[in-house]
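Pasted below: structure-v4.csv, CSV, C-alpha atoms.
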chain,number,residue,atom,x,y,z
A,129,MET,CA,170.2,197.3,107.2
A,130,THR,CA,166.6,197.3,106.1
A,131,ALA,CA,164.3,194.3,106.8
A,132,PRO,CA,163.2,192.4,103.7
A,133,GLU,CA,159.6,192.9,102.7
A,134,LEU,CA,157.2,190.2,103.9
A,135,SER,CA,155.5,188.5,101.0
A,136,THR,CA,151.9,189.9,101.0
A,137,PRO,CA,149.1,187.3,101.0
A,138,ARG,CA,147.5,186.9,97.7
A,139,GLU,CA,144.1,188.5,97.3
A,140,ARG,CA,141.2,186.1,97.2
A,141,ILE,CA,139.6,185.7,93.8
A,142,ARG,CA,135.9,186.1,94.1
A,143,SER,CA,134.7,184.9,90.7
A,144,GLY,CA,132.5,182.3,92.4
A,145,ARG,CA,130.2,185.0,93.4
A,146,MET,CA,129.4,185.8,89.8
A,147,ARG,CA,128.1,182.3,89.0
A,148,ARG,CA,126.2,181.3,92.1
A,149,ASN,CA,126.5,177.6,93.0
A,150,ALA,CA,128.9,176.9,90.1
A,151,GLU,CA,131.4,175.2,92.4
A,152,ARG,CA,128.6,173.4,94.2
A,153,TRP,CA,127.4,171.8,90.9
A,154,SER,CA,131.0,171.0,90.0
A,155,TRP,CA,131.5,169.2,93.3
A,156,LEU,CA,128.2,167.3,93.0
A,157,PHE,CA,129.0,166.3,89.4
A,158,MET,CA,132.4,164.9,90.5
A,159,ARG,CA,130.7,162.8,93.2
A,160,PHE,CA,128.0,161.3,91.0
A,161,SER,CA,130.0,160.9,87.8
A,162,GLY,CA,132.8,159.3,89.8
A,163,ALA,CA,130.5,156.6,91.2
A,164,LEU,CA,128.9,156.0,87.8
A,165,LEU,CA,132.3,155.8,86.1
A,166,LEU,CA,133.5,153.1,88.5
A,167,VAL,CA,130.5,150.9,87.4
A,168,LEU,CA,130.9,151.8,83.7
A,169,ILE,CA,134.7,151.2,83.5
A,170,PHE,CA,134.9,148.1,85.6
A,171,THR,CA,132.0,146.5,83.6
A,172,HIS,CA,133.7,147.5,80.4
A,173,LEU,CA,137.0,145.9,81.6
A,174,PHE,CA,135.2,142.8,82.8
A,175,VAL,CA,133.3,142.3,79.5
A,176,ASN,CA,136.4,142.9,77.4
A,177,LEU,CA,139.0,141.0,79.4
A,178,MET,CA,137.4,138.4,81.6
A,179,THR,CA,134.6,137.0,79.4
A,180,GLY,CA,135.1,134.8,76.3
A,181,ASP,CA,138.8,134.6,75.2
A,182,GLY,CA,139.9,137.5,77.4
A,183,VAL,CA,142.5,139.9,76.0
A,184,GLN,CA,143.1,137.6,72.9
A,185,GLN,CA,139.6,138.3,71.5
A,186,ILE,CA,140.1,142.0,71.1
A,187,ASP,CA,140.5,142.9,67.4
A,188,PHE,CA,138.5,144.9,64.8
A,189,ALA,CA,135.8,142.3,64.6
A,190,PHE,CA,135.3,142.3,68.4
A,191,VAL,CA,134.9,146.0,68.5
A,192,ALA,CA,132.6,145.9,65.5
A,193,GLY,CA,130.5,143.2,67.1
A,194,LYS,CA,130.1,145.2,70.3
A,195,TRP,CA,129.2,148.4,68.5
A,196,ALA,CA,126.5,146.5,66.5
A,197,SER,CA,124.5,146.7,69.7
A,198,PRO,CA,123.0,150.1,70.7
A,199,LEU,CA,123.7,149.3,74.4
A,200,TRP,CA,127.4,149.3,73.9
A,201,LYS,CA,127.3,152.4,71.7
A,202,VAL,CA,125.5,154.3,74.5
A,203,TRP,CA,127.8,152.7,77.1
A,204,ASP,CA,130.9,153.8,75.4
A,205,LEU,CA,129.6,157.3,74.6
A,206,LEU,CA,128.6,157.7,78.3
A,207,MET,CA,132.1,156.5,79.4
A,208,LEU,CA,133.7,158.9,76.9
A,209,VAL,CA,131.7,162.0,77.9
A,210,LEU,CA,131.7,161.4,81.6
A,211,ALA,CA,135.4,160.5,81.8
A,212,MET,CA,136.4,163.6,79.7
A,213,ILE,CA,134.3,166.0,81.7
A,214,HIS,CA,135.2,164.4,85.1
A,215,GLY,CA,138.9,164.4,84.2
A,216,GLY,CA,138.7,167.9,82.6
A,217,ASN,CA,137.0,169.3,85.7
A,218,GLY,CA,139.7,167.8,87.9
A,219,MET,CA,142.3,169.4,85.8
A,220,ARG,CA,140.4,172.7,86.0
A,221,LEU,CA,140.6,172.5,89.8
A,222,LEU,CA,144.3,171.9,89.6
A,223,ILE,CA,144.8,174.8,87.2
A,224,ASN,CA,142.9,177.0,89.6
A,225,ASP,CA,145.1,175.9,92.4
A,226,TYR,CA,148.5,176.2,90.8
A,227,ALA,CA,148.3,178.7,88.0
A,228,HIS,CA,148.5,182.0,89.8
A,229,ARG,CA,149.1,184.4,87.0
A,230,PRO,CA,145.7,185.4,85.4
A,231,ARG,CA,146.9,185.1,81.8
A,232,VAL,CA,148.6,181.8,82.3
A,233,ARG,CA,145.4,180.5,84.0
A,234,THR,CA,143.1,181.7,81.3
A,235,PHE,CA,145.4,180.2,78.6
A,236,LEU,CA,145.5,176.8,80.4
A,237,LEU,CA,141.8,176.8,81.0
A,238,TRP,CA,141.1,177.4,77.3
A,239,LEU,CA,143.7,174.8,76.2
A,240,LEU,CA,142.0,172.3,78.5
A,241,GLY,CA,138.5,173.2,77.3
A,242,ILE,CA,139.5,172.8,73.7
A,243,ALA,CA,141.2,169.4,74.4
A,244,VAL,CA,138.1,168.1,76.1
A,245,VAL,CA,135.8,169.3,73.3
A,246,VAL,CA,138.0,167.9,70.6
A,247,VAL,CA,138.3,164.4,72.2
A,248,ILE,CA,134.5,164.2,72.9
A,249,VAL,CA,133.7,165.3,69.3
A,250,LEU,CA,136.2,162.9,67.7
A,251,GLY,CA,135.2,160.0,70.0
A,252,SER,CA,131.5,160.5,69.3
A,253,LEU,CA,132.1,160.7,65.6
A,254,VAL,CA,133.9,157.3,65.8
A,255,ILE,CA,131.1,155.8,67.7
A,256,PHE,CA,128.3,157.0,65.5
A,257,THR,CA,129.9,156.9,62.0
A,258,PHE,CA,131.6,153.5,62.6
A,259,ASP,CA,131.3,151.2,59.6
A,260,PRO,CA,131.8,147.5,60.7
A,261,CYS,CA,132.1,146.3,57.1
A,262,PRO,CA,134.6,148.5,55.3
A,263,LEU,CA,135.3,147.7,51.6
A,264,ASP,CA,138.7,147.9,49.9
A,265,ALA,CA,139.3,149.7,46.5
A,266,SER,CA,138.0,146.9,44.4
A,267,GLY,CA,134.7,146.7,46.4
A,268,ASP,CA,135.5,143.5,48.4
A,269,LEU,CA,135.3,143.2,52.1
A,270,LEU,CA,138.6,143.9,53.9
A,271,SER,CA,140.1,141.0,55.9
A,272,GLY,CA,139.5,140.9,59.6
A,273,VAL,CA,135.9,142.2,59.4
A,274,PRO,CA,133.3,140.4,61.5
A,275,ASP,CA,131.5,137.3,60.1
A,276,PHE,CA,128.0,139.0,59.8
A,277,CYS,CA,129.4,141.3,57.1
A,278,LYS,CA,129.0,138.5,54.5
A,279,ASP,CA,125.3,138.4,55.1
A,280,VAL,CA,125.0,142.2,55.0
A,281,ARG,CA,126.9,142.9,51.8
B,255,MET,CA,176.2,167.3,156.7
B,256,THR,CA,174.8,167.9,153.3
B,257,ALA,CA,172.8,165.2,151.6
B,258,THR,CA,174.6,163.6,148.7
B,259,ALA,CA,173.2,162.0,145.6
B,260,GLU,CA,173.5,158.3,145.8
B,261,ALA,CA,171.2,155.7,144.1
B,262,PRO,CA,168.5,157.3,142.0
B,263,ALA,CA,165.5,158.0,144.1
B,264,ALA,CA,162.3,156.0,143.5
B,265,GLY,CA,160.2,157.7,140.8
B,266,GLU,CA,163.0,159.8,139.5
B,267,VAL,CA,162.3,161.1,136.0
B,268,ALA,CA,164.5,159.7,133.3
B,269,SER,CA,166.9,162.1,131.7
B,270,PHE,CA,168.3,162.0,128.1
B,271,GLU,CA,170.0,164.0,125.4
B,272,VAL,CA,168.0,165.3,122.6
B,273,THR,CA,168.9,167.3,119.4
B,274,LEU,CA,166.6,169.9,118.0
B,275,ARG,CA,167.0,170.9,114.4
B,276,ILE,CA,165.3,174.3,114.1
B,277,ARG,CA,164.4,176.1,110.8
B,278,ARG,CA,165.6,179.6,111.3
B,279,MET,CA,165.3,182.9,109.4
B,280,ASN,CA,166.4,186.4,110.5
B,281,PRO,CA,164.9,189.2,108.4
B,282,GLU,CA,167.9,191.4,109.4
B,283,GLY,CA,170.5,188.8,108.8
B,284,THR,CA,173.2,187.5,111.2
B,285,SER,CA,177.0,187.4,111.0
B,286,GLU,CA,176.8,184.1,109.2
B,287,HIS,CA,173.5,184.3,107.4
B,288,GLY,CA,172.1,186.9,105.0
B,289,ALA,CA,168.9,188.8,105.6
B,290,GLY,CA,165.8,186.6,105.1
B,291,GLU,CA,168.0,183.5,104.5
B,292,GLU,CA,166.4,180.3,105.8
B,293,TYR,CA,168.7,177.7,107.3
B,294,TRP,CA,168.7,174.8,109.8
B,295,GLU,CA,170.4,175.1,113.2
B,296,GLU,CA,171.0,172.2,115.6
B,297,HIS,CA,171.2,172.3,119.4
B,298,THR,CA,171.7,169.4,121.7
B,299,ILE,CA,170.3,169.7,125.2
B,300,GLN,CA,169.7,167.6,128.3
B,301,ALA,CA,166.0,166.9,128.7
B,302,HIS,CA,163.7,165.0,131.0
B,303,ALA,CA,160.9,162.6,130.1
B,304,THR,CA,158.4,165.1,131.3
B,305,ASP,CA,159.7,167.9,129.1
B,306,ARG,CA,157.8,169.1,126.1
B,307,VAL,CA,159.2,170.6,122.8
B,308,LEU,CA,158.4,174.0,124.3
B,309,ASP,CA,160.6,173.3,127.3
B,310,ALA,CA,163.4,172.4,125.0
B,311,LEU,CA,162.9,175.6,123.0
B,312,HIS,CA,162.9,177.6,126.3
B,313,LYS,CA,166.1,175.9,127.3
B,314,ILE,CA,167.7,176.9,124.0
B,315,LYS,CA,166.4,180.5,124.1
B,316,TRP,CA,167.2,181.1,127.8
B,317,ASP,CA,170.5,179.3,128.1
B,318,ILE,CA,172.1,178.9,124.6
B,319,ASP,CA,170.8,181.3,122.0
B,320,GLY,CA,168.6,184.3,123.0
B,321,SER,CA,168.0,185.3,119.4
B,322,LEU,CA,165.7,182.3,118.8
B,323,ALA,CA,162.2,183.7,118.2
B,324,PHE,CA,158.9,181.8,118.7
B,325,ARG,CA,155.4,182.6,120.0
B,326,ARG,CA,154.0,181.2,123.2
B,327,SER,CA,151.6,182.6,125.7
B,328,CYS,CA,149.9,180.3,128.1
B,329,ALA,CA,152.3,177.4,127.4
B,330,HIS,CA,149.7,174.9,128.4
B,331,GLY,CA,147.7,174.1,125.3
B,332,VAL,CA,144.9,176.7,125.7
B,333,CYS,CA,146.0,179.9,123.9
B,334,GLY,CA,147.1,178.3,120.6
B,335,SER,CA,150.1,180.5,120.1
B,336,ASP,CA,152.8,177.9,119.6
B,337,ALA,CA,151.6,175.8,116.7
B,338,MET,CA,154.6,174.7,114.7
B,339,ARG,CA,155.6,171.9,112.4
B,340,ILE,CA,157.4,169.3,114.5
B,341,ASN,CA,158.8,166.3,112.7
B,342,ALA,CA,156.7,167.3,109.6
B,343,ARG,CA,153.4,167.4,111.5
B,344,ASN,CA,151.6,170.5,112.8
B,345,ARG,CA,151.4,170.3,116.6
B,346,LEU,CA,151.4,172.6,119.6
B,347,ALA,CA,154.9,172.7,121.1
B,348,CYS,CA,153.4,172.9,124.6
B,349,LYS,CA,151.4,169.7,124.1
B,350,THR,CA,154.1,167.5,122.5
B,351,LEU,CA,156.4,165.5,124.8
B,352,LEU,CA,159.9,165.0,123.6
B,353,LYS,CA,159.9,161.4,124.6
B,354,ASP,CA,157.0,160.7,122.3
B,355,LEU,CA,159.0,162.0,119.3
B,356,ASN,CA,161.8,159.4,119.2
B,357,PRO,CA,164.5,161.6,120.8
B,358,ALA,CA,167.2,159.3,119.4
B,359,LYS,CA,166.9,161.2,116.1
B,360,PRO,CA,167.1,165.0,115.7
B,361,ILE,CA,163.6,166.6,116.2
B,362,MET,CA,162.8,168.9,113.3
B,363,VAL,CA,161.1,172.1,114.3
B,364,GLU,CA,159.8,174.4,111.5
B,365,PRO,CA,157.3,177.3,111.3
B,366,ILE,CA,153.8,176.3,110.1
B,367,LYS,CA,153.6,176.3,106.3
B,368,GLY,CA,151.6,178.5,103.9
B,369,LEU,CA,151.9,181.7,105.9
B,370,PRO,CA,154.8,184.2,105.4
B,371,VAL,CA,157.6,183.7,108.0
B,372,GLU,CA,158.5,186.8,110.0
B,373,LYS,CA,161.3,185.4,112.0
B,374,ASP,CA,162.4,181.9,112.9
B,375,LEU,CA,159.2,180.1,114.0
B,376,ILE,CA,157.0,183.2,113.9
B,377,VAL,CA,154.7,183.6,110.9
B,378,ASP,CA,152.3,186.4,109.9
B,379,MET,CA,148.9,185.1,111.0
B,380,GLU,CA,147.0,188.0,109.4
B,381,PRO,CA,145.8,186.1,106.2
B,382,PHE,CA,144.5,183.4,108.6
B,383,PHE,CA,142.7,185.8,110.8
B,384,ALA,CA,141.3,187.7,107.8
B,385,SER,CA,139.6,184.4,106.6
B,386,TYR,CA,138.2,184.0,110.1
B,387,ARG,CA,136.8,187.5,110.1
B,388,GLU,CA,135.2,187.0,106.7
B,389,ILE,CA,132.9,184.3,108.0
B,390,MET,CA,131.6,186.7,110.7
B,391,PRO,CA,132.4,184.8,113.9
B,392,PHE,CA,129.9,186.5,116.1
B,393,LEU,CA,126.3,186.0,117.1
B,394,MET,CA,123.8,187.5,114.6
B,395,THR,CA,120.2,187.9,115.8
B,396,SER,CA,117.2,189.9,114.9
B,397,GLY,CA,114.5,191.4,117.2
B,398,PRO,CA,114.9,193.0,120.6
B,399,THR,CA,117.6,191.7,122.9
B,400,PRO,CA,116.0,189.5,125.5
B,401,GLU,CA,116.4,190.4,129.2
B,402,ARG,CA,117.5,186.9,130.1
B,403,GLU,CA,119.8,184.4,128.5
B,404,ARG,CA,119.0,183.0,125.0
B,405,LEU,CA,118.0,179.5,126.0
B,406,GLN,CA,118.8,176.3,124.1
B,407,THR,CA,118.4,172.6,124.9
B,408,PRO,CA,121.4,170.4,125.7
B,409,GLU,CA,120.8,168.6,122.4
B,410,GLU,CA,120.9,171.9,120.5
B,411,ARG,CA,124.1,172.8,122.3
B,412,GLN,CA,125.6,169.4,121.5
B,413,ARG,CA,125.0,169.9,117.8
B,414,PHE,CA,128.0,172.3,117.5
B,415,ASP,CA,129.9,171.3,120.6
B,416,ASP,CA,132.9,169.9,118.7
B,417,THR,CA,133.7,173.2,116.8
B,418,THR,CA,133.5,175.4,119.9
B,419,LYS,CA,136.8,173.8,121.0
B,420,CYS,CA,138.8,175.7,118.4
B,421,ILE,CA,141.7,177.9,119.7
B,422,LEU,CA,142.7,179.5,116.4
B,423,CYS,CA,146.2,178.0,116.5
B,424,ALA,CA,146.2,177.6,112.7
B,425,ALA,CA,147.5,174.0,112.8
B,426,CYS,CA,144.7,172.8,110.6
B,427,THR,CA,144.7,175.6,108.0
B,428,THR,CA,148.5,175.4,107.6
B,429,SER,CA,148.4,171.6,107.2
B,430,CYS,CA,145.9,171.8,104.3
B,431,PRO,CA,147.5,171.0,100.9
B,432,VAL,CA,144.9,173.2,99.2
B,433,PHE,CA,145.8,176.1,101.4
B,434,TRP,CA,149.5,175.7,100.5
B,435,THR,CA,148.9,175.9,96.8
B,436,ASP,CA,147.3,179.3,96.5
B,437,GLY,CA,146.4,180.9,99.8
B,438,GLN,CA,142.9,181.8,98.4
B,439,TYR,CA,141.1,179.0,100.2
B,440,PHE,CA,139.4,180.1,103.4
B,441,GLY,CA,141.1,177.1,105.1
B,442,PRO,CA,139.6,174.6,107.5
B,443,GLN,CA,139.7,176.9,110.5
B,444,ALA,CA,137.4,179.5,109.0
B,445,ILE,CA,134.9,176.7,108.1
B,446,VAL,CA,135.1,175.4,111.7
B,447,GLY,CA,134.5,178.9,112.9
B,448,ALA,CA,131.5,179.2,110.6
B,449,HIS,CA,130.2,175.7,111.5
B,450,ARG,CA,130.1,176.8,115.2
B,451,PHE,CA,127.5,179.5,114.4
B,452,ILE,CA,125.7,177.8,111.4
B,453,PHE,CA,124.6,175.0,113.7
B,454,ASP,CA,123.8,177.2,116.7
B,455,SER,CA,120.1,177.4,117.3
B,456,ARG,CA,120.4,180.9,118.7
B,457,ASP,CA,122.1,182.3,115.6
B,458,GLU,CA,120.2,183.8,112.6
B,459,GLY,CA,123.1,184.6,110.3
B,460,GLN,CA,123.5,181.0,109.0
B,461,TRP,CA,122.7,181.8,105.4
B,462,ASP,CA,124.9,184.8,105.2
B,463,ARG,CA,127.8,182.6,106.3
B,464,LEU,CA,126.8,179.7,104.0
B,465,GLU,CA,126.6,182.2,101.1
B,466,ILE,CA,130.2,183.2,101.8
B,467,LEU,CA,131.3,179.5,102.1
B,468,ASN,CA,129.5,178.7,98.8
B,469,ASP,CA,132.2,180.9,97.2
B,470,LYS,CA,134.8,179.6,94.8
B,471,ALA,CA,137.3,179.7,97.6
B,472,GLY,CA,134.9,178.2,100.1
B,473,VAL,CA,134.0,174.7,101.2
B,474,TRP,CA,134.2,173.3,97.6
B,475,LYS,CA,137.9,173.7,97.6
B,476,CYS,CA,138.2,171.0,100.3
B,477,ARG,CA,139.4,167.7,98.8
B,478,THR,CA,138.9,165.8,102.1
B,479,ALA,CA,142.6,165.1,102.6
B,480,PHE,CA,142.0,164.8,106.4
B,481,ASN,CA,145.3,166.6,107.2
B,482,CYS,CA,143.3,169.1,109.3
B,483,THR,CA,141.6,166.5,111.4
B,484,GLU,CA,145.0,164.9,112.0
B,485,ALA,CA,146.6,168.2,112.9
B,486,CYS,CA,144.0,169.6,115.3
B,487,PRO,CA,145.5,169.7,118.8
B,488,ARG,CA,142.0,169.9,120.2
B,489,GLY,CA,140.8,166.8,118.5
B,490,ILE,CA,138.1,168.6,116.5
B,491,GLU,CA,136.8,166.5,113.6
B,492,VAL,CA,137.5,169.3,111.1
B,493,THR,CA,136.9,167.4,107.9
B,494,LYS,CA,133.5,166.2,109.3
B,495,ALA,CA,132.5,169.7,110.1
B,496,ILE,CA,133.4,170.8,106.6
B,497,SER,CA,131.4,168.0,105.1
B,498,GLU,CA,128.4,169.0,107.3
B,499,VAL,CA,128.6,172.5,105.8
B,500,LYS,CA,128.7,171.0,102.3
B,501,LYS,CA,125.7,168.9,103.1
B,502,VAL,CA,123.7,171.9,104.3
B,503,LEU,CA,124.6,173.8,101.1
B,504,ASN,CA,123.5,170.7,99.0
B,505,THR,CA,120.3,170.0,100.8
B,506,GLY,CA,119.3,173.5,101.8
B,507,GLU,CA,118.4,172.2,105.3
B,508,ILE,CA,120.2,172.9,108.6
Represent the structure contained in this file as structure tokens.
Amino acid sequence: MTAPELSTPRERIRSGRMRRNAERWSWLFMRFSGALLLVLIFTHLFVNLMTGDGVQQIDFAFVAGKWASPLWKVWDLLMLVLAMIHGGNGMRLLINDYAHRPRVRTFLLWLLGIAVVVVIVLGSLVIFTFDPCPLDASGDLLSGVPDFCKDVR
Amino acid sequence: MTATAEAPAAGEVASFEVTLRIRRMNPEGTSEHGAGEEYWEEHTIQAHATDRVLDALHKIKWDIDGSLAFRRSCAHGVCGSDAMRINARNRLACKTLLKDLNPAKPIMVEPIKGLPVEKDLIVDMEPFFASYREIMPFLMTSGPTPERERLQTPEERQRFDDTTKCILCAACTTSCPVFWTDGQYFGPQAIVGAHRFIFDSRDEGQWDRLEILNDKAGVWKCRTAFNCTEACPRGIEVTKAISEVKKVLNTGEI
């Protein structure tokens, strides 16, 4: 009877050497973006849910009113970009941990990268091309638009 | 007249029955189990309150089943040979008292995780030692060798005192969830070994070691799960040592 072969330890992947400090910057980014996201998200939740009428106030007009101010545009853009990169980087670490076959790993990393870019681009487009006073086919204001639209149009 | 046992003598050590459930694997197979098959085996023995898990394993190996394989050398918590997963935590069998483990329930004994099992409780330690070798665990100096000792102050010695206690038992590395996932990570022990020299005032190879630990599989894979600190039988604050290495890499100052 022959002894079964011992599973040989996997070879260490040394790609970190090619991009010096890449993993260090990734780690630092996670630390700082995480702290910043805590402030951004909990302020966002507080303003939307705890002030005014709470959850009942959230409708098209509420969002339009918020995005009329540049502060909330920048706020939401920052939240979008940081959350996507922070979450995407976390997923990248998980893929590096669990996807052992090089082709599967490369495929998953590309998939993740595309998903992150698509969401960031779509989200930024919504924030910057947002029209608070959309018109219907006949040229009248749609119902549910904020009050200030009557003065603008 | 021979002395007879009457009332228990004062200070007699309590005795109790304890069941050990041991994770076994024989690469050549046994009559009941195939080659390389992993299975649980239970043995119930009589133990004293002063007995350790290692004593129980000895009793099984010496009196019940001689085929049970496990490592132990000094048997007193110094050599680091008998690290194993006891009740789902990495410990040294020679430093764990049976009475501290709730002997009312079977005590689970498994080989440490993340390294290939060779037989029963014996694992192949080579990947673990390879990581340790990679961080160059020896004094690196330049210039002529002094004729007397290389002096350092008590404060300078204190700086790396904690990490000198490591006995290379692998309890920390094999408790690390990141090490379990891919086996590429250096593991906590290699970073502890590097820490011991990085913060040594007599050593001059700090940046060579730091360069190695700045690697993709180096300190940045640590997610501060604290499993290593909990597992260390020598009480080394492993996660703290890893964080100190991270801090040096981030600030550039030792």
Write out as a PDB file with C-alpha atoms, in the coordinates of the input which residues come within 10 Å of Val245 of chain A when counting all atoms listed in the file, dropping same-chain ones fewer than 4 positions away.
ATOM      1  CA  VAL A 209     131.700 162.000  77.900  1.00  0.00           C
ATOM      2  CA  MET A 212     136.400 163.600  79.700  1.00  0.00           C
ATOM      3  CA  ILE A 213     134.300 166.000  81.700  1.00  0.00           C
ATOM      4  CA  GLY A 216     138.700 167.900  82.600  1.00  0.00           C
ATOM      5  CA  LEU A 240     142.000 172.300  78.500  1.00  0.00           C
ATOM      6  CA  GLY A 241     138.500 173.200  77.300  1.00  0.00           C
ATOM      7  CA  VAL A 249     133.700 165.300  69.300  1.00  0.00           C
ATOM      8  CA  LEU A 250     136.200 162.900  67.700  1.00  0.00           C
ATOM      9  CA  GLY A 251     135.200 160.000  70.000  1.00  0.00           C
TER      10      GLY A 251
END
> Could you state the separation of atom CA of Glu484 of chain B and atom CA of His214 of chain A in Å, given to one decimal place?
Replying inline: 28.6 Å
Taking a cut-off of 6 Å and counting only C-alpha atoms, can you build a table that, for each residue of chain B near chain A, reports the nearest atom pair and how far apart they are in Å (one decimal), sorted by chain then residue number, as JSON lines?
{"residue": "B:Pro281", "atom": "CA", "partner": "A:Ala131", "partner_atom": "CA", "distance": 5.4}
{"residue": "B:Glu282", "atom": "CA", "partner": "A:Ala131", "partner_atom": "CA", "distance": 5.3}
{"residue": "B:Thr435", "atom": "CA", "partner": "A:Asp225", "partner_atom": "CA", "distance": 5.8}
{"residue": "B:Asp436", "atom": "CA", "partner": "A:Asp225", "partner_atom": "CA", "distance": 5.8}
{"residue": "B:Gln438", "atom": "CA", "partner": "A:Arg140", "partner_atom": "CA", "distance": 4.8}
{"residue": "B:Asp469", "atom": "CA", "partner": "A:Gly144", "partner_atom": "CA", "distance": 5.0}
{"residue": "B:Lys470", "atom": "CA", "partner": "A:Gly144", "partner_atom": "CA", "distance": 4.3}
Store the residues picked out above in a file with C-alpha atoms, as a PDB file, in the frame of the given file.
ATOM      1  CA  PRO B 281     164.900 189.200 108.400  1.00  0.00           C
ATOM      2  CA  GLU B 282     167.900 191.400 109.400  1.00  0.00           C
ATOM      3  CA  THR B 435     148.900 175.900  96.800  1.00  0.00           C
ATOM      4  CA  ASP B 436     147.300 179.300  96.500  1.00  0.00           C
ATOM      5  CA  GLN B 438     142.900 181.800  98.400  1.00  0.00           C
ATOM      6  CA  ASP B 469     132.200 180.900  97.200  1.00  0.00           C
ATOM      7  CA  LYS B 470     134.800 179.600  94.800  1.00  0.00           C
TER       8      LYS B 470
END
>> Measuring between only C-alpha atoms, which one of B:Pro398, B:Pro365, B:Gly489, B:Pro357 shows the shortest distance to Arg325 of chain B?
In response: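 Looking at the shortest contact to Arg325 of chain B, the residue is B:Pro365.
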>> Please report the interatomic distance between atom CA of Ala310 of chain B and atom CA of Thr284 of chain B in Å with one decimal.
In response: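 Straight-line distance from atom CA of Ala310 of chain B to atom CA of Thr284 of chain B works out to 22.7 Å.
Across the structure, atom CA of Thr505 of chain B and atom CA of Arg488 of chain B are spaced 29.1 Å apart.
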Pick out the residues sitting within 9 Å of Arg306 of chain B, and hand them over as a PDB file with C-alpha atoms, in the coordinates of the input; count only C-alpha atoms, and ignore anything fewer than 6 positions along from it in its own chain.
ATOM      1  CA  ALA B 347     154.900 172.700 121.100  1.00  0.00           C
ATOM      2  CA  CYS B 348     153.400 172.900 124.600  1.00  0.00           C
ATOM      3  CA  LYS B 349     151.400 169.700 124.100  1.00  0.00           C
ATOM      4  CA  THR B 350     154.100 167.500 122.500  1.00  0.00           C
ATOM      5  CA  LEU B 351     156.400 165.500 124.800  1.00  0.00           C
ATOM      6  CA  LEU B 352     159.900 165.000 123.600  1.00  0.00           C
ATOM      7  CA  LYS B 353     159.900 161.400 124.600  1.00  0.00           C
TER       8      LYS B 353
END
> For Gly331 of chain B, which of B:Arg477, B:Ser396, B:Gly283, B:Pro487 is the closest residue, counting only C-alpha atoms?
Replying inline: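 Residue with the minimum atom-to-atom distance to Gly331 of chain B: B:Pro487.
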>> I'd like the contact shell of Val272 of chain B - 12 Å cut-off, only C-alpha atoms, skipping same-chain residues fewer than 5 positions apart - returned as a VMD selection string.
In response: chain B and resid 296 to 303 305 to 307 309 to 311 313 to 314 351 to 362
>> Counting all atoms listed in the file, which residues have an atom no more than 10 Å from (121.2, 187.4, 114.9) in the file's coordinates? Please list them as a count of residues only.
In response: 12
